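For reference, input-v2.cif (mmCIF, C-alpha atoms):
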```cif
data_structure
loop_
_atom_site.group_PDB
_atom_site.id
_atom_site.type_symbol
_atom_site.label_atom_id
_atom_site.label_comp_id
_atom_site.auth_asym_id
_atom_site.auth_seq_id
_atom_site.Cartn_x
_atom_site.Cartn_y
_atom_site.Cartn_z
ATOM 1 C CA MET A 1 98.252 93.011 46.591
ATOM 2 C CA MET A 2 101.080 94.748 44.742
ATOM 3 C CA PRO A 3 98.928 97.021 42.512
ATOM 4 C CA LEU A 4 97.056 98.331 45.571
ATOM 5 C CA VAL A 5 100.171 99.891 47.190
ATOM 6 C CA PRO A 6 100.928 102.348 44.308
ATOM 7 C CA VAL A 7 97.263 103.336 44.190
ATOM 8 C CA ARG A 8 97.361 104.211 47.894
ATOM 9 C CA TYR A 9 100.372 106.466 47.305
ATOM 10 C CA LEU A 10 98.643 108.102 44.390
ATOM 11 C CA VAL A 11 95.472 108.773 46.422
ATOM 12 C CA LEU A 12 97.530 110.107 49.333
ATOM 13 C CA SER A 13 99.453 112.399 46.966
ATOM 14 C CA VAL A 14 96.235 113.783 45.459
ATOM 15 C CA ILE A 15 94.786 114.472 48.908
ATOM 16 C CA CYS A 16 97.956 116.293 50.023
ATOM 17 C CA PHE A 17 97.990 118.284 46.798
ATOM 18 C CA CYS A 18 94.389 119.401 47.368
ATOM 19 C CA PHE A 19 95.230 120.625 50.878
ATOM 20 C CA LEU A 20 98.234 122.558 49.564
ATOM 21 C CA ILE A 21 96.166 124.290 46.909
ATOM 22 C CA HIS A 22 93.480 125.251 49.442
ATOM 23 C CA ASP A 23 96.053 126.725 51.859
ATOM 24 C CA ALA A 24 97.691 128.765 49.105
ATOM 25 C CA ASN A 25 94.416 130.477 48.209
ATOM 26 C CA ALA A 26 93.556 131.140 51.850
ATOM 27 C CA ALA A 27 96.998 132.615 52.495
ATOM 28 C CA ASN A 28 96.449 135.184 49.768
ATOM 29 C CA CYS A 29 93.321 136.375 51.513
ATOM 30 C CA LEU A 30 94.910 136.318 54.942
ATOM 31 C CA ARG A 31 98.174 138.062 54.082
ATOM 32 C CA PHE A 32 96.882 140.471 51.469
ATOM 33 C CA ALA A 33 97.103 143.612 53.613
ATOM 34 C CA GLU A 34 100.684 143.054 54.721
ATOM 35 C CA GLU A 35 101.767 142.097 51.193
ATOM 36 C CA ALA A 36 100.166 145.240 49.750
ATOM 37 C CA ARG A 37 101.736 147.401 52.462
ATOM 38 C CA SER A 38 105.195 146.016 51.826
ATOM 39 C CA ALA A 39 104.780 146.454 48.062
ATOM 40 C CA ILE A 40 103.691 150.107 48.032
ATOM 41 C CA LYS A 41 104.568 151.698 51.381
ATOM 42 C CA THR A 42 107.775 153.296 50.070
ATOM 43 C CA HIS A 43 105.857 154.657 47.080
ATOM 44 C CA VAL A 44 103.169 156.163 49.304
ATOM 45 C CA ALA A 45 105.944 157.758 51.376
ATOM 46 C CA ALA A 46 107.312 159.197 48.114
ATOM 47 C CA VAL A 47 103.868 160.666 47.371
ATOM 48 C CA GLN A 48 103.996 162.337 50.776
ATOM 49 C CA ARG A 49 107.375 163.834 49.875
ATOM 50 C CA PHE A 50 105.979 165.161 46.581
ATOM 51 C CA GLU A 51 103.058 166.693 48.437
ATOM 52 C CA HIS A 52 105.468 168.246 50.936
ATOM 53 C CA GLU A 53 107.565 169.689 48.090
ATOM 54 C CA ALA A 54 104.452 171.121 46.424
ATOM 55 C CA SER A 55 103.346 172.599 49.744
ATOM 56 C CA ASP A 56 106.775 174.183 50.197
ATOM 57 C CA ARG A 57 106.575 175.510 46.636
ATOM 58 C CA LEU A 58 103.269 177.200 47.472
ATOM 59 C CA LYS A 59 104.963 178.885 50.434
ATOM 60 C CA GLY A 60 107.949 179.926 48.317
ATOM 61 C CA LEU A 61 110.357 177.540 50.063
ATOM 62 C CA ASP A 62 111.050 175.173 47.167
ATOM 63 C CA SER A 63 112.312 176.126 43.743
ATOM 64 C CA ARG A 64 111.362 172.952 41.871
ATOM 65 C CA PRO A 65 108.651 173.676 39.322
ATOM 66 C CA PHE A 66 105.256 172.036 39.700
ATOM 67 C CA GLU A 67 105.863 170.227 36.378
ATOM 68 C CA PHE A 68 108.737 168.288 37.934
ATOM 69 C CA VAL A 69 106.778 167.331 41.048
ATOM 70 C CA ARG A 70 103.732 166.405 38.929
ATOM 71 C CA ASP A 71 105.802 164.181 36.638
ATOM 72 C CA GLU A 72 107.405 162.380 39.584
ATOM 73 C CA ALA A 73 103.981 161.900 41.197
ATOM 74 C CA LYS A 74 102.664 160.453 37.907
ATOM 75 C CA LYS A 75 105.478 157.909 37.822
ATOM 76 C CA THR A 76 104.762 156.863 41.371
ATOM 77 C CA ALA A 77 101.014 156.681 40.690
ATOM 78 C CA ALA A 78 101.722 154.298 37.804
ATOM 79 C CA ILE A 79 103.650 152.015 40.159
ATOM 80 C CA ILE A 80 100.959 152.056 42.839
ATOM 81 C CA ALA A 81 98.153 151.561 40.299
ATOM 82 C CA GLU A 82 99.908 148.771 38.407
ATOM 83 C CA PRO A 83 97.067 147.104 36.425
ATOM 84 C CA LYS A 84 97.899 143.480 37.275
ATOM 85 C CA ALA A 85 98.178 144.247 40.987
ATOM 86 C CA LEU A 86 94.843 146.106 40.895
ATOM 87 C CA ALA A 87 93.249 143.148 39.088
ATOM 88 C CA ASP A 88 94.643 140.746 41.697
ATOM 89 C CA GLU A 89 93.262 143.001 44.405
ATOM 90 C CA GLU A 90 89.854 143.025 42.703
ATOM 91 C CA ASP A 91 89.954 139.217 42.638
ATOM 92 C CA LEU A 92 90.139 139.198 46.447
ATOM 93 C CA LYS A 93 86.409 139.878 46.584
ATOM 94 C CA ARG A 94 86.138 136.082 46.593
ATOM 95 C CA CYS A 95 87.649 135.985 50.099
ATOM 96 C CA ARG A 96 85.387 135.156 52.990
ATOM 97 C CA ASN A 97 86.787 137.963 55.116
ATOM 98 C CA PHE A 98 86.574 141.589 54.074
ATOM 99 C CA THR A 99 89.728 142.876 52.406
ATOM 100 C CA GLN A 100 90.184 146.587 51.833
ATOM 101 C CA PRO A 101 91.339 147.527 48.332
ATOM 102 C CA ILE A 102 94.550 149.119 49.616
ATOM 103 C CA ARG A 103 96.179 149.680 46.232
ATOM 104 C CA ARG A 104 93.035 151.184 44.739
ATOM 105 C CA ILE A 105 92.561 153.546 47.696
ATOM 106 C CA CYS A 106 96.178 154.733 47.539
ATOM 107 C CA ALA A 107 96.150 154.940 43.735
ATOM 108 C CA GLU A 108 93.058 157.162 43.807
ATOM 109 C CA ALA A 109 94.636 159.435 46.438
ATOM 110 C CA THR A 110 97.810 159.693 44.371
ATOM 111 C CA MET A 111 95.857 160.525 41.223
ATOM 112 C CA LEU A 112 94.066 163.290 43.134
ATOM 113 C CA LEU A 113 97.474 164.768 43.977
ATOM 114 C CA VAL A 114 98.504 164.526 40.322
ATOM 115 C CA GLU A 115 95.315 166.391 39.332
ATOM 116 C CA ILE A 116 96.035 169.099 41.915
ATOM 117 C CA LEU A 117 99.611 169.462 40.691
ATOM 118 C CA GLU A 118 98.368 169.644 37.101
ATOM 119 C CA LYS A 119 96.120 172.532 38.113
ATOM 120 C CA HIS A 120 99.106 174.287 39.689
ATOM 121 C CA VAL A 121 101.048 173.871 36.449
ATOM 122 C CA THR A 122 98.340 175.650 34.440
ATOM 123 C CA ASP A 123 97.149 178.199 37.012
ATOM 124 C CA SER A 124 99.018 180.075 39.740
ATOM 125 C CA LYS A 125 96.014 180.117 42.122
ATOM 126 C CA PRO A 126 93.954 177.012 41.274
ATOM 127 C CA ALA A 127 90.968 175.831 43.233
ATOM 128 C CA HIS A 128 90.838 172.224 44.333
ATOM 129 C CA ASP A 129 88.845 170.178 46.805
ATOM 130 C CA LYS A 130 91.238 170.144 49.746
ATOM 131 C CA GLU A 131 88.909 168.124 51.965
ATOM 132 C CA ARG A 132 88.452 165.399 49.360
ATOM 133 C CA TYR A 133 92.178 165.043 48.822
ATOM 134 C CA ALA A 134 92.960 165.233 52.544
ATOM 135 C CA GLY A 135 90.417 162.505 53.298
ATOM 136 C CA ALA A 136 91.600 160.204 50.518
ATOM 137 C CA MET A 137 95.262 160.573 51.397
ATOM 138 C CA ALA A 138 94.607 160.225 55.129
ATOM 139 C CA GLU A 139 92.849 156.910 54.480
ATOM 140 C CA CYS A 140 95.807 155.695 52.424
ATOM 141 C CA GLU A 141 98.293 156.837 55.077
ATOM 142 C CA LYS A 142 96.281 155.028 57.747
ATOM 143 C CA LEU A 143 96.389 151.794 55.731
ATOM 144 C CA MET A 144 100.156 152.205 55.318
ATOM 145 C CA ASP A 145 100.700 153.011 59.018
ATOM 146 C CA LEU A 146 102.151 156.408 58.065
ATOM 147 C CA THR A 147 101.680 159.626 60.009
ATOM 148 C CA PRO A 148 99.325 161.980 58.133
ATOM 149 C CA LEU A 149 101.140 164.900 56.558
ATOM 150 C CA LYS A 150 100.228 168.501 57.305
ATOM 151 C CA SER A 151 100.454 170.571 54.149
ATOM 152 C CA ALA A 152 99.109 173.583 52.316
ATOM 153 C CA ILE A 153 97.775 171.217 49.640
ATOM 154 C CA ARG A 154 95.436 169.675 52.219
ATOM 155 C CA GLY A 155 94.709 172.979 53.895
ATOM 156 C CA THR A 156 96.012 171.675 57.226
ATOM 157 C CA GLU A 157 99.038 173.936 57.417
#
```
Now, as a test, write the supplied structure out as structure tokens.
Amino acid sequence: MMPLVPVRYLVLSVICFCFLIHDANAANCLRFAEEARSAIKTHVAAVQRFEHEASDRLKGLDSRPFEFVRDEAKKTAAIIAEPKALADEEDLKRCRNFTQPIRRICAEATMLLVEILEKHVTDSKPAHDKERYAGAMAECEKLMDLTPLKSAIRGTE
């Protein structure tokens, strides 16, 4: 009878361990959106500030050169589009419930701003797809629960 008692504890431990592993994977899928928001919301707000500065620059209200704003936007884009975080986000396709690729959406919007700023560095009157950028950034802002910005870059000001 003595050897049976330790075996019971071992079996019970294995069963509990299996439940803990299952819950940890499910939690990732369930809390992904709020975890992504908390990780990048301040960076997306910074992108809005860079866009606002660039918009002011176009109106002659800001003296910072486009190179400065572009470089700061690039740094922020690198944080938002951190490769490991994007890979983890891609892995969430295994989840039963649909999960929006929040980081990827915001990273793409930020890179569009960087491209626009790069055009402003090389040309005083560049052409860019305002609607495309406005749509991409508006989607990111919506996911971050941020108020959409009105700016000359988007053509909404």
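Atom CA of A:Pro148 to atom CA of A:Asp91 spans 29.1 Å [interatomic distance, one decimal].
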Distance table requested - stretch 135-157 of chain A against stretch 111-123 of chain A, cut-off 12 Å, all atoms listed in the file: one row per qualifying residue with the closest atom pair and its distance in Å to one decimal, ordered by chain and rising residue number, as CSV.
```
residue,atom,partner,partner_atom,distance
A:Gly135,CA,A:Leu112,CA,10.8
A:Ala136,CA,A:Leu112,CA,8.4
A:Met137,CA,A:Leu112,CA,8.8
A:Ala152,CA,A:Ile116,CA,11.7
A:Ile153,CA,A:Ile116,CA,8.2
A:Arg154,CA,A:Leu113,CA,9.8
```
Could you tell me how far atom CA of A:Asp56 lies from atom CA of A:Cys106, in Å and to one decimal?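 Computing it gives 22.3 Å between the two atoms.
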Nearest to A:Gln48 among A:Ile79, A:Ala36, A:Ala107, A:Ala73, with distances taken over all atoms listed in the file: which residue is it? A:Ala73
For A:Glu34, which of A:Tyr133, A:Ala138, A:Thr99, A:Leu149 is the closest residue, counting only C-alpha atoms? A:Thr99
Å distance separating atom CA of A:Asp71 from atom CA of A:His52, one decimal place: 14.9 Å
Between A:Ile102, A:Glu72, A:Phe66, A:Glu89, which residue has the minimum interatomic distance to A:Lys142, considering all atoms listed in the file? A:Ile102
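Here the question is which of A:Asp88, A:Lys41, A:Leu58, A:Ala46 gets nearest to A:Ser124 using all atoms listed in the file, and that residue is A:Leu58.
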Return as a PyMOL selection string the set of residues that the PyMOL selection byres ((chain A and resi 29) around 9) yields on the displayed structure. chain A and resi 25-28+30-33+92+94-99
Name the closest residue to A:Ala39 among the candidates A:Ala87, A:Ala54, A:Ile80, A:Val69; distances are taken between atoms, counting all atoms listed in the file.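 When distances to A:Ala39 are compared using all atoms listed in the file, the smallest one comes from A:Ile80.
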Restricting the calculation to all atoms listed in the file, which member of A:Arg57, A:Arg64, A:Arg70, A:Arg103 is positioned closest to A:Glu82?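 Of A:Arg57, A:Arg64, A:Arg70, A:Arg103, the one nearest A:Glu82, counting all atoms listed in the file, is A:Arg103.
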